[in-house]
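Report on the following structure.
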Amino acid sequence: MGCKCWGSMDVVLWCIIVLSLSHVSMGLEHKPLKWEVEYMRGAPDCLEHVVMGINGQFPGPTIRAKAGVTIVVDLVNKLHNEGVVIPWHGIGQAFL
């Protein structure tokens, strides 16, 4: 009877499973947000003109979360020919 050796993919899969379960067991929370960025009419300076809004809001939505909660933003860019950059001043970040 031969011993089945673990291949590198088996080890990687095992590590992913263990890390996923440890994340759940430690009680770490994540807060998923879905944002759609699109043009809309707004008056940020008391004169109405086209602005970039998030989910129909200008300025964009306030993020409320307790310490230790991971915020995950799924952003859909509905602007015709522009990219989207959102500055996160003073916020600790981890990119996935």
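Simple scheme: letters A, B, ... for chains in structure tokens order, numbers from 1 for residues in each chain, numbers from 1 for ligands in the order shown.
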
Exercise: segment 52-65 of chain A partners within 12 Å, only C-alpha atoms, chain neighbours under 3 positions left out, as a PDB file with C-alpha atoms, in the first residue's frame:
ATOM      1  CA  GLU A  29     -16.625  40.744   9.814  1.00  0.00           C
ATOM      2  CA  HIS A  30     -16.723  42.224   6.356  1.00  0.00           C
ATOM      3  CA  LYS A  31     -19.150  44.774   5.004  1.00  0.00           C
ATOM      4  CA  PRO A  32     -19.818  44.495   1.270  1.00  0.00           C
ATOM      5  CA  LEU A  33     -20.881  47.678  -0.530  1.00  0.00           C
ATOM      6  CA  LYS A  34     -22.077  47.958  -4.133  1.00  0.00           C
ATOM      7  CA  TRP A  35     -21.506  51.345  -5.689  1.00  0.00           C
ATOM      8  CA  GLU A  36     -22.532  52.553  -9.141  1.00  0.00           C
ATOM      9  CA  VAL A  37     -20.778  55.718 -10.277  1.00  0.00           C
ATOM     10  CA  GLU A  38     -22.676  57.712 -12.895  1.00  0.00           C
ATOM     11  CA  TYR A  39     -23.390  61.233 -14.067  1.00  0.00           C
ATOM     12  CA  MET A  40     -26.263  63.088 -12.420  1.00  0.00           C
ATOM     13  CA  ARG A  41     -27.519  66.628 -11.881  1.00  0.00           C
ATOM     14  CA  GLY A  42     -26.375  68.293  -8.679  1.00  0.00           C
ATOM     15  CA  ALA A  43     -25.710  71.705  -7.142  1.00  0.00           C
ATOM     16  CA  PRO A  44     -22.643  71.416  -4.898  1.00  0.00           C
ATOM     17  CA  ASP A  45     -21.931  75.141  -5.327  1.00  0.00           C
ATOM     18  CA  GLU A  48     -26.963  73.009 -10.867  1.00  0.00           C
ATOM     19  CA  HIS A  49     -24.719  71.127 -13.308  1.00  0.00           C
ATOM     20  CA  GLY A  68     -11.926  45.710  12.745  1.00  0.00           C
ATOM     21  CA  VAL A  69     -14.593  45.404  10.034  1.00  0.00           C
ATOM     22  CA  THR A  70     -13.244  44.976   6.502  1.00  0.00           C
ATOM     23  CA  ILE A  71     -14.997  47.148   3.909  1.00  0.00           C
ATOM     24  CA  VAL A  72     -15.285  45.579   0.443  1.00  0.00           C
ATOM     25  CA  VAL A  73     -16.462  47.947  -2.314  1.00  0.00           C
ATOM     26  CA  ASP A  74     -17.762  46.496  -5.590  1.00  0.00           C
ATOM     27  CA  LEU A  75     -17.682  49.522  -7.893  1.00  0.00           C
ATOM     28  CA  VAL A  76     -19.431  49.704 -11.267  1.00  0.00           C
ATOM     29  CA  ASN A  77     -18.226  52.552 -13.490  1.00  0.00           C
ATOM     30  CA  LYS A  78     -21.181  53.834 -15.537  1.00  0.00           C
ATOM     31  CA  LEU A  79     -19.334  56.907 -16.806  1.00  0.00           C
ATOM     32  CA  HIS A  80     -19.162  56.951 -20.598  1.00  0.00           C
ATOM     33  CA  GLU A  82     -13.854  58.330 -17.819  1.00  0.00           C
ATOM     34  CA  GLY A  83     -12.075  56.287 -15.204  1.00  0.00           C
ATOM     35  CA  VAL A  84     -12.988  56.482 -11.518  1.00  0.00           C
ATOM     36  CA  VAL A  85     -10.568  57.310  -8.712  1.00  0.00           C
ATOM     37  CA  ILE A  86     -11.830  57.520  -5.145  1.00  0.00           C
ATOM     38  CA  TRP A  88      -9.375  57.247   0.789  1.00  0.00           C
ATOM     39  CA  ILE A  91      -7.809  55.189   5.877  1.00  0.00           C
TER      40      ILE A  91
END
